[in-house]
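**Q** Contents of start35.tsv (TSV, N, CA and C atoms) are given next:
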```tsv
chain	number	residue	atom	x	y	z
Y	1	GLN	N	7.81	-56.48	-28.26
Y	1	GLN	CA	6.57	-55.85	-27.80
Y	1	GLN	C	6.30	-56.26	-26.36
Y	2	VAL	N	6.11	-55.28	-25.52
Y	2	VAL	CA	5.87	-55.54	-24.11
Y	2	VAL	C	4.39	-55.84	-23.90
Y	3	GLN	N	4.14	-56.91	-23.16
Y	3	GLN	CA	2.77	-57.25	-22.80
Y	3	GLN	C	2.71	-57.62	-21.33
Y	4	LEU	N	1.72	-57.07	-20.66
Y	4	LEU	CA	1.39	-57.47	-19.30
Y	4	LEU	C	-0.07	-57.90	-19.35
Y	5	VAL	N	-0.32	-59.16	-19.07
Y	5	VAL	CA	-1.67	-59.70	-19.21
Y	5	VAL	C	-2.15	-60.19	-17.86
Y	6	GLU	N	-3.18	-59.52	-17.36
Y	6	GLU	CA	-3.76	-59.88	-16.06
Y	6	GLU	C	-4.84	-60.94	-16.24
Y	7	SER	N	-4.99	-61.75	-15.20
Y	7	SER	CA	-6.07	-62.73	-15.17
Y	7	SER	C	-6.47	-62.98	-13.73
Y	8	GLY	N	-7.65	-63.59	-13.56
Y	8	GLY	CA	-8.08	-63.99	-12.23
Y	8	GLY	C	-9.16	-63.12	-11.61
Y	9	GLY	N	-9.52	-62.05	-12.29
Y	9	GLY	CA	-10.58	-61.21	-11.74
Y	9	GLY	C	-11.93	-61.89	-11.85
Y	10	GLY	N	-12.92	-61.28	-11.21
Y	10	GLY	CA	-14.26	-61.84	-11.27
Y	10	GLY	C	-15.12	-61.33	-10.14
Y	11	LEU	N	-16.23	-62.01	-9.96
Y	11	LEU	CA	-17.20	-61.66	-8.93
Y	11	LEU	C	-17.02	-62.58	-7.73
Y	12	VAL	N	-16.94	-61.99	-6.55
Y	12	VAL	CA	-16.77	-62.76	-5.33
Y	12	VAL	C	-17.59	-62.10	-4.22
Y	13	GLN	N	-18.05	-62.91	-3.28
Y	13	GLN	CA	-18.79	-62.36	-2.15
Y	13	GLN	C	-17.83	-61.78	-1.12
Y	14	ALA	N	-18.33	-60.83	-0.36
Y	14	ALA	CA	-17.52	-60.26	0.71
Y	14	ALA	C	-17.03	-61.36	1.64
Y	15	GLY	N	-15.77	-61.25	2.02
Y	15	GLY	CA	-15.14	-62.27	2.85
Y	15	GLY	C	-14.41	-63.33	2.06
Y	16	GLY	N	-14.62	-63.35	0.76
Y	16	GLY	CA	-13.99	-64.35	-0.09
Y	16	GLY	C	-12.60	-63.96	-0.52
Y	17	SER	N	-12.03	-64.79	-1.38
Y	17	SER	CA	-10.65	-64.59	-1.84
Y	17	SER	C	-10.59	-64.67	-3.36
Y	18	LEU	N	-9.61	-63.99	-3.89
Y	18	LEU	CA	-9.28	-64.10	-5.31
Y	18	LEU	C	-7.77	-64.04	-5.46
Y	19	ARG	N	-7.30	-64.65	-6.53
Y	19	ARG	CA	-5.87	-64.63	-6.83
Y	19	ARG	C	-5.70	-64.07	-8.24
Y	20	LEU	N	-5.05	-62.94	-8.32
Y	20	LEU	CA	-4.78	-62.32	-9.61
Y	20	LEU	C	-3.37	-62.69	-10.07
Y	21	SER	N	-3.24	-62.89	-11.37
Y	21	SER	CA	-1.93	-63.16	-11.94
Y	21	SER	C	-1.66	-62.20	-13.09
Y	22	CYS	N	-0.40	-61.91	-13.29
Y	22	CYS	CA	0.02	-61.07	-14.40
Y	22	CYS	C	1.20	-61.76	-15.08
Y	23	ALA	N	1.04	-62.04	-16.35
Y	23	ALA	CA	2.09	-62.66	-17.13
Y	23	ALA	C	2.76	-61.58	-17.99
Y	24	ALA	N	4.06	-61.46	-17.85
Y	24	ALA	CA	4.81	-60.44	-18.58
Y	24	ALA	C	5.60	-61.07	-19.71
Y	25	SER	N	5.70	-60.34	-20.80
Y	25	SER	CA	6.54	-60.75	-21.92
Y	25	SER	C	7.12	-59.50	-22.56
Y	26	GLY	N	8.25	-59.70	-23.23
Y	26	GLY	CA	8.89	-58.57	-23.91
Y	26	GLY	C	9.78	-57.72	-23.03
Y	27	ILE	N	9.95	-58.13	-21.78
Y	27	ILE	CA	10.83	-57.40	-20.86
Y	27	ILE	C	11.75	-58.39	-20.16
Y	28	THR	N	12.87	-57.87	-19.66
Y	28	THR	CA	13.74	-58.69	-18.80
Y	28	THR	C	13.14	-58.61	-17.40
Y	29	PHE	N	12.24	-59.53	-17.14
Y	29	PHE	CA	11.35	-59.47	-15.99
Y	29	PHE	C	12.09	-59.25	-14.68
Y	30	SER	N	13.19	-59.94	-14.50
Y	30	SER	CA	13.89	-59.91	-13.21
Y	30	SER	C	14.43	-58.53	-12.86
Y	31	LEU	N	14.55	-57.64	-13.83
Y	31	LEU	CA	15.06	-56.30	-13.56
Y	31	LEU	C	13.99	-55.37	-13.02
Y	32	TYR	N	12.74	-55.72	-13.26
Y	32	TYR	CA	11.65	-54.78	-13.03
Y	32	TYR	C	11.06	-54.85	-11.63
Y	33	VAL	N	10.68	-53.70	-11.13
Y	33	VAL	CA	9.79	-53.66	-9.98
Y	33	VAL	C	8.38	-53.89	-10.52
Y	34	MET	N	7.72	-54.90	-9.98
Y	34	MET	CA	6.38	-55.24	-10.43
Y	34	MET	C	5.37	-54.77	-9.39
Y	35	GLY	N	4.21	-54.39	-9.88
Y	35	GLY	CA	3.22	-53.88	-8.94
Y	35	GLY	C	1.80	-54.12	-9.39
Y	36	TRP	N	0.92	-53.97	-8.45
Y	36	TRP	CA	-0.51	-53.98	-8.69
Y	36	TRP	C	-1.08	-52.64	-8.23
Y	37	TYR	N	-1.91	-52.08	-9.06
Y	37	TYR	CA	-2.64	-50.86	-8.74
Y	37	TYR	C	-4.11	-51.12	-9.00
Y	38	ARG	N	-4.95	-50.28	-8.47
Y	38	ARG	CA	-6.37	-50.46	-8.74
Y	38	ARG	C	-7.06	-49.11	-8.91
Y	39	GLN	N	-8.16	-49.16	-9.64
Y	39	GLN	CA	-8.95	-47.95	-9.86
Y	39	GLN	C	-10.42	-48.30	-9.71
Y	40	ALA	N	-11.01	-47.73	-8.68
Y	40	ALA	CA	-12.43	-47.91	-8.45
Y	40	ALA	C	-13.22	-46.88	-9.27
Y	41	PRO	N	-14.49	-47.16	-9.53
Y	41	PRO	CA	-15.30	-46.21	-10.30
Y	41	PRO	C	-15.30	-44.82	-9.68
Y	42	GLY	N	-14.97	-43.82	-10.49
Y	42	GLY	CA	-14.98	-42.44	-10.02
Y	42	GLY	C	-13.81	-42.04	-9.17
Y	43	LYS	N	-12.83	-42.93	-9.05
Y	43	LYS	CA	-11.66	-42.63	-8.20
Y	43	LYS	C	-10.37	-42.72	-9.01
Y	44	GLN	N	-9.31	-42.17	-8.42
Y	44	GLN	CA	-8.01	-42.23	-9.07
Y	44	GLN	C	-7.37	-43.60	-8.88
Y	45	ARG	N	-6.48	-43.94	-9.77
Y	45	ARG	CA	-5.74	-45.18	-9.63
Y	45	ARG	C	-4.85	-45.08	-8.39
Y	46	GLU	N	-4.79	-46.16	-7.63
Y	46	GLU	CA	-4.00	-46.16	-6.40
Y	46	GLU	C	-3.15	-47.40	-6.30
Y	47	LEU	N	-2.08	-47.25	-5.53
Y	47	LEU	CA	-1.18	-48.37	-5.28
Y	47	LEU	C	-1.87	-49.44	-4.45
Y	48	VAL	N	-1.65	-50.69	-4.87
Y	48	VAL	CA	-2.05	-51.83	-4.04
Y	48	VAL	C	-0.80	-52.42	-3.40
Y	49	ALA	N	0.15	-52.83	-4.23
Y	49	ALA	CA	1.37	-53.44	-3.71
Y	49	ALA	C	2.43	-53.46	-4.81
Y	50	THR	N	3.69	-53.44	-4.37
Y	50	THR	CA	4.80	-53.61	-5.30
Y	50	THR	C	5.79	-54.62	-4.74
Y	51	ILE	N	6.58	-55.17	-5.64
Y	51	ILE	CA	7.61	-56.12	-5.24
Y	51	ILE	C	8.83	-55.89	-6.11
Y	52	THR	N	9.99	-55.74	-5.48
Y	52	THR	CA	11.22	-55.48	-6.22
Y	52	THR	C	11.81	-56.78	-6.76
Y	53	ASN	N	12.88	-56.63	-7.53
Y	53	ASN	CA	13.53	-57.83	-8.05
Y	53	ASN	C	14.19	-58.63	-6.92
Y	54	GLY	N	14.40	-57.98	-5.79
Y	54	GLY	CA	14.92	-58.70	-4.63
Y	54	GLY	C	13.83	-59.17	-3.69
Y	55	ALA	N	12.58	-59.09	-4.15
Y	55	ALA	CA	11.41	-59.57	-3.42
Y	55	ALA	C	11.06	-58.72	-2.19
Y	56	THR	N	11.51	-57.49	-2.17
Y	56	THR	CA	11.06	-56.57	-1.13
Y	56	THR	C	9.67	-56.07	-1.50
Y	57	THR	N	8.76	-56.17	-0.57
Y	57	THR	CA	7.38	-55.82	-0.85
Y	57	THR	C	6.97	-54.51	-0.16
Y	58	ARG	N	5.97	-53.90	-0.75
Y	58	ARG	CA	5.39	-52.68	-0.20
Y	58	ARG	C	3.89	-52.74	-0.45
Y	59	TYR	N	3.12	-52.36	0.56
Y	59	TYR	CA	1.66	-52.42	0.45
Y	59	TYR	C	1.03	-51.08	0.82
Y	60	ALA	N	-0.13	-50.83	0.24
Y	60	ALA	CA	-0.95	-49.74	0.75
Y	60	ALA	C	-1.30	-50.06	2.20
Y	61	ASP	N	-1.21	-49.06	3.04
Y	61	ASP	CA	-1.42	-49.30	4.48
Y	61	ASP	C	-2.76	-49.98	4.76
Y	62	SER	N	-3.77	-49.60	4.01
Y	62	SER	CA	-5.12	-50.12	4.28
Y	62	SER	C	-5.28	-51.58	3.88
Y	63	LEU	N	-4.30	-52.11	3.15
Y	63	LEU	CA	-4.44	-53.47	2.63
Y	63	LEU	C	-3.50	-54.47	3.30
Y	64	LYS	N	-2.61	-53.95	4.13
Y	64	LYS	CA	-1.67	-54.86	4.80
Y	64	LYS	C	-2.41	-55.93	5.58
Y	65	GLY	N	-1.94	-57.16	5.42
Y	65	GLY	CA	-2.54	-58.26	6.16
Y	65	GLY	C	-3.61	-59.00	5.38
Y	66	ARG	N	-4.17	-58.36	4.37
Y	66	ARG	CA	-5.21	-59.03	3.57
Y	66	ARG	C	-4.70	-59.43	2.19
Y	67	PHE	N	-3.79	-58.65	1.64
Y	67	PHE	CA	-3.27	-58.89	0.29
Y	67	PHE	C	-1.80	-59.30	0.37
Y	68	THR	N	-1.39	-60.19	-0.51
Y	68	THR	CA	0.00	-60.63	-0.58
Y	68	THR	C	0.45	-60.64	-2.03
Y	69	ILE	N	1.55	-59.96	-2.29
Y	69	ILE	CA	2.13	-59.94	-3.64
Y	69	ILE	C	3.33	-60.88	-3.67
Y	70	SER	N	3.50	-61.56	-4.79
Y	70	SER	CA	4.65	-62.44	-4.96
Y	70	SER	C	5.03	-62.45	-6.44
Y	71	ARG	N	6.22	-62.92	-6.70
Y	71	ARG	CA	6.68	-62.98	-8.09
Y	71	ARG	C	7.45	-64.26	-8.34
Y	72	ASP	N	7.43	-64.67	-9.60
Y	72	ASP	CA	8.20	-65.84	-10.04
Y	72	ASP	C	9.01	-65.38	-11.23
Y	73	ASN	N	10.27	-65.11	-11.00
Y	73	ASN	CA	11.11	-64.59	-12.08
Y	73	ASN	C	11.31	-65.61	-13.19
Y	74	ALA	N	11.29	-66.88	-12.86
Y	74	ALA	CA	11.47	-67.92	-13.87
Y	74	ALA	C	10.29	-67.97	-14.84
Y	75	LYS	N	9.11	-67.64	-14.34
Y	75	LYS	CA	7.91	-67.68	-15.17
Y	75	LYS	C	7.46	-66.30	-15.63
Y	76	SER	N	8.16	-65.26	-15.18
Y	76	SER	CA	7.81	-63.87	-15.52
Y	76	SER	C	6.37	-63.55	-15.12
Y	77	THR	N	6.04	-63.94	-13.92
Y	77	THR	CA	4.68	-63.68	-13.43
Y	77	THR	C	4.73	-63.00	-12.07
Y	78	VAL	N	3.70	-62.22	-11.81
Y	78	VAL	CA	3.50	-61.61	-10.51
Y	78	VAL	C	2.06	-61.91	-10.10
Y	79	THR	N	1.89	-62.22	-8.85
Y	79	THR	CA	0.60	-62.67	-8.33
Y	79	THR	C	0.16	-61.81	-7.16
Y	80	LEU	N	-1.12	-61.60	-7.07
Y	80	LEU	CA	-1.69	-60.89	-5.94
Y	80	LEU	C	-2.76	-61.77	-5.31
Y	81	GLN	N	-2.50	-62.24	-4.13
Y	81	GLN	CA	-3.48	-63.02	-3.37
Y	81	GLN	C	-4.29	-62.06	-2.52
Y	82	MET	N	-5.59	-62.09	-2.71
Y	82	MET	CA	-6.47	-61.15	-2.00
Y	82	MET	C	-7.44	-61.95	-1.13
Y	83	ASN	N	-7.37	-61.73	0.17
Y	83	ASN	CA	-8.22	-62.43	1.12
Y	83	ASN	C	-9.14	-61.44	1.85
Y	84	SER	N	-10.15	-61.99	2.45
Y	84	SER	CA	-11.11	-61.18	3.24
Y	84	SER	C	-11.57	-59.96	2.45
Y	85	LEU	N	-11.97	-60.22	1.24
Y	85	LEU	CA	-12.34	-59.12	0.35
Y	85	LEU	C	-13.57	-58.37	0.86
Y	86	LYS	N	-13.56	-57.08	0.59
Y	86	LYS	CA	-14.64	-56.19	1.01
Y	86	LYS	C	-15.25	-55.51	-0.23
Y	87	PRO	N	-16.47	-55.07	-0.13
Y	87	PRO	CA	-17.07	-54.38	-1.29
Y	87	PRO	C	-16.23	-53.20	-1.77
Y	88	GLU	N	-15.54	-52.54	-0.85
Y	88	GLU	CA	-14.71	-51.39	-1.25
Y	88	GLU	C	-13.45	-51.80	-2.00
Y	89	ASP	N	-13.20	-53.08	-2.10
Y	89	ASP	CA	-12.09	-53.57	-2.93
Y	89	ASP	C	-12.49	-53.68	-4.40
Y	90	THR	N	-13.75	-53.45	-4.69
Y	90	THR	CA	-14.21	-53.50	-6.07
Y	90	THR	C	-13.49	-52.45	-6.91
Y	91	ALA	N	-12.86	-52.90	-7.98
Y	91	ALA	CA	-12.06	-52.01	-8.82
Y	91	ALA	C	-11.52	-52.80	-10.02
Y	92	VAL	N	-10.96	-52.06	-10.95
Y	92	VAL	CA	-10.14	-52.68	-11.98
Y	92	VAL	C	-8.71	-52.72	-11.45
Y	93	TYR	N	-8.12	-53.88	-11.49
Y	93	TYR	CA	-6.77	-54.09	-10.97
Y	93	TYR	C	-5.80	-54.15	-12.14
Y	94	TYR	N	-4.75	-53.35	-12.05
Y	94	TYR	CA	-3.78	-53.23	-13.13
Y	94	TYR	C	-2.41	-53.74	-12.70
Y	95	CYS	N	-1.78	-54.46	-13.58
Y	95	CYS	CA	-0.41	-54.89	-13.40
Y	95	CYS	C	0.51	-53.80	-13.93
Y	96	ASN	N	1.63	-53.60	-13.24
Y	96	ASN	CA	2.58	-52.55	-13.62
Y	96	ASN	C	4.00	-53.08	-13.55
Y	97	ALA	N	4.83	-52.63	-14.48
Y	97	ALA	CA	6.25	-52.99	-14.50
Y	97	ALA	C	7.07	-51.71	-14.66
Y	98	LYS	N	8.02	-51.52	-13.74
Y	98	LYS	CA	8.84	-50.31	-13.78
Y	98	LYS	C	10.32	-50.67	-13.71
Y	99	TYR	N	11.11	-49.99	-14.56
Y	99	TYR	CA	12.56	-50.12	-14.50
Y	99	TYR	C	13.16	-48.86	-15.06
Y	100	SER	N	13.87	-48.13	-14.25
Y	100	SER	CA	14.44	-46.86	-14.67
Y	100	SER	C	13.32	-45.96	-15.20
Y	101	THR	N	13.42	-45.50	-16.41
Y	101	THR	CA	12.39	-44.63	-16.98
Y	101	THR	C	11.29	-45.41	-17.70
Y	102	LEU	N	11.42	-46.72	-17.71
Y	102	LEU	CA	10.44	-47.57	-18.39
Y	102	LEU	C	9.29	-47.90	-17.45
Y	103	ASN	N	8.09	-47.78	-17.97
Y	103	ASN	CA	6.91	-47.97	-17.13
Y	103	ASN	C	5.79	-48.53	-18.01
Y	104	TYR	N	5.37	-49.75	-17.71
Y	104	TYR	CA	4.38	-50.43	-18.53
Y	104	TYR	C	3.17	-50.83	-17.71
Y	105	TRP	N	2.01	-50.86	-18.38
Y	105	TRP	CA	0.75	-51.21	-17.72
Y	105	TRP	C	0.03	-52.30	-18.50
Y	106	GLY	N	-0.65	-53.15	-17.77
Y	106	GLY	CA	-1.58	-54.07	-18.39
Y	106	GLY	C	-2.91	-53.39	-18.61
Y	107	LYS	N	-3.84	-54.12	-19.21
Y	107	LYS	CA	-5.15	-53.55	-19.52
Y	107	LYS	C	-6.12	-53.66	-18.35
Y	108	GLY	N	-5.77	-54.43	-17.36
Y	108	GLY	CA	-6.59	-54.50	-16.16
Y	108	GLY	C	-7.53	-55.68	-16.13
Y	109	THR	N	-7.90	-56.07	-14.93
Y	109	THR	CA	-8.89	-57.11	-14.71
Y	109	THR	C	-9.86	-56.64	-13.63
Y	110	LEU	N	-11.13	-56.85	-13.87
Y	110	LEU	CA	-12.16	-56.32	-12.97
Y	110	LEU	C	-12.40	-57.28	-11.81
Y	111	VAL	N	-12.37	-56.73	-10.62
Y	111	VAL	CA	-12.73	-57.45	-9.41
Y	111	VAL	C	-13.98	-56.80	-8.83
Y	112	THR	N	-15.01	-57.60	-8.64
Y	112	THR	CA	-16.25	-57.09	-8.06
Y	112	THR	C	-16.55	-57.90	-6.81
Y	113	VAL	N	-16.69	-57.19	-5.70
Y	113	VAL	CA	-16.98	-57.84	-4.43
Y	113	VAL	C	-18.39	-57.45	-4.01
Y	114	SER	N	-19.25	-58.45	-3.90
Y	114	SER	CA	-20.65	-58.18	-3.55
Y	114	SER	C	-20.84	-58.30	-2.04
Y	115	SER	N	-21.76	-57.51	-1.52
Y	115	SER	CA	-22.01	-57.52	-0.07
Y	115	SER	C	-23.06	-58.55	0.30
```
Would you mind writing the file out in structure tokens?
**A**
Amino acid sequence: QVQLVESGGGLVQAGGSLRLSCAASGITFSLYVMGWYRQAPGKQRELVATITNGATTRYADSLKGRFTISRDNAKSTVTLQMNSLKPEDTAVYYCNAKYSTLNYWGKGTLVTVSS
């Protein structure tokens, strides 16, 4: 059974930082492209960042420089460090794992940034 479990969300003031983690189980983690996506109220889910098994990263243009994605293949975890948070970063953040035609999602963790 595949599980992606996010943690680390919460309430933070604008300008603050949060670190999200996603623990994966039931998959051969090192094969997967791991990613973070987010969905704000009333909006579509959007890409935040992805990281390949070779640690190549990709970010949404608007988030470059503030967010950093990393992975630990030994622990089957992917982390998103979020700095200089803004109210518009408020959203549910979802962990994603992709390999070939396989595509898995976590249940999400809520990040709320107050002004």
**Q** For stretch 58-110 of chain Y against stretch 19-31 of chain Y, with a cut-off of 6.5 Å and counting all atoms listed in the file, what is the closest atom pair and its distance in Å to one decimal for every residue that makes the cut, ordered by chain and number, as a Markdown table?
**A**
```
| residue | atom | partner | partner_atom | distance |
| --- | --- | --- | --- | --- |
| Y:Asn73 | CA | Y:Ser30 | CA | 5.6 |
| Y:Lys75 | C | Y:Ala24 | N | 6.3 |
| Y:Ser76 | C | Y:Ala24 | N | 4.1 |
| Y:Thr77 | CA | Y:Cys22 | C | 4.3 |
| Y:Val78 | C | Y:Cys22 | N | 4.0 |
| Y:Thr79 | CA | Y:Leu20 | C | 4.3 |
| Y:Leu80 | N | Y:Leu20 | C | 3.9 |
| Y:Gln81 | CA | Y:Arg19 | CA | 4.5 |
| Y:Met82 | N | Y:Arg19 | CA | 4.8 |
| Y:Cys95 | CA | Y:Cys22 | CA | 6.3 |
| Y:Lys98 | C | Y:Leu31 | C | 6.0 |
| Y:Tyr99 | CA | Y:Leu31 | C | 5.6 |
```
**Q** So the first atom is atom C of Y:Val12 and the second is atom CA of Y:Val113; what is the distance between them in Å, to one decimal place?
**A**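 Taking atom C of Y:Val12 as the start and atom CA of Y:Val113 as the end point, the length is 4.3 Å.
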**Q** Counting only C-alpha atoms, select every polymer residue within 8 Å of (-8.1, -60.7, -12.5) as defined in the file's coordinates, and provide the selection as a VMD selection string.
**A** chain Y and resid 6 to 10 19 to 21 93 108 to 111
**Q** Please provide as JSON, numbers by chain all residues within 8 Å of stretch 55-58 of chain Y, with the sequence filter that same-chain residues fewer than 3 positions apart are discarded (counting only C-alpha atoms).
**A** {"Y": [49, 50, 51, 52, 69, 70, 71]}
**Q** Which distance in Å separates atom CA of Y:Phe67 and atom CA of Y:Leu4, to one decimal?
**A**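 We find that atom CA of Y:Phe67 and atom CA of Y:Leu4 lie 20.2 Å from each other.
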**Q** Kindly give the distance, in Å, that separates atom CA of Y:Ala91 and atom CA of Y:Gln39, rounded to a single decimal.
**A**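 Going from atom CA of Y:Ala91 over to atom CA of Y:Gln39, I get 5.2 Å.
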**Q** Edge lengths and centre, in Å to one decimal, as AutoDock Vina command-line options: that's what I need for the box along x, y and z that holds all listed atoms of stretch 39-52 of chain Y plus 6 Å on each side.
**A**
```
--center_x -1.7 --center_y -49.4 --center_z -6.9 --size_x 39.1 --size_y 26.7 --size_z 19.1
```
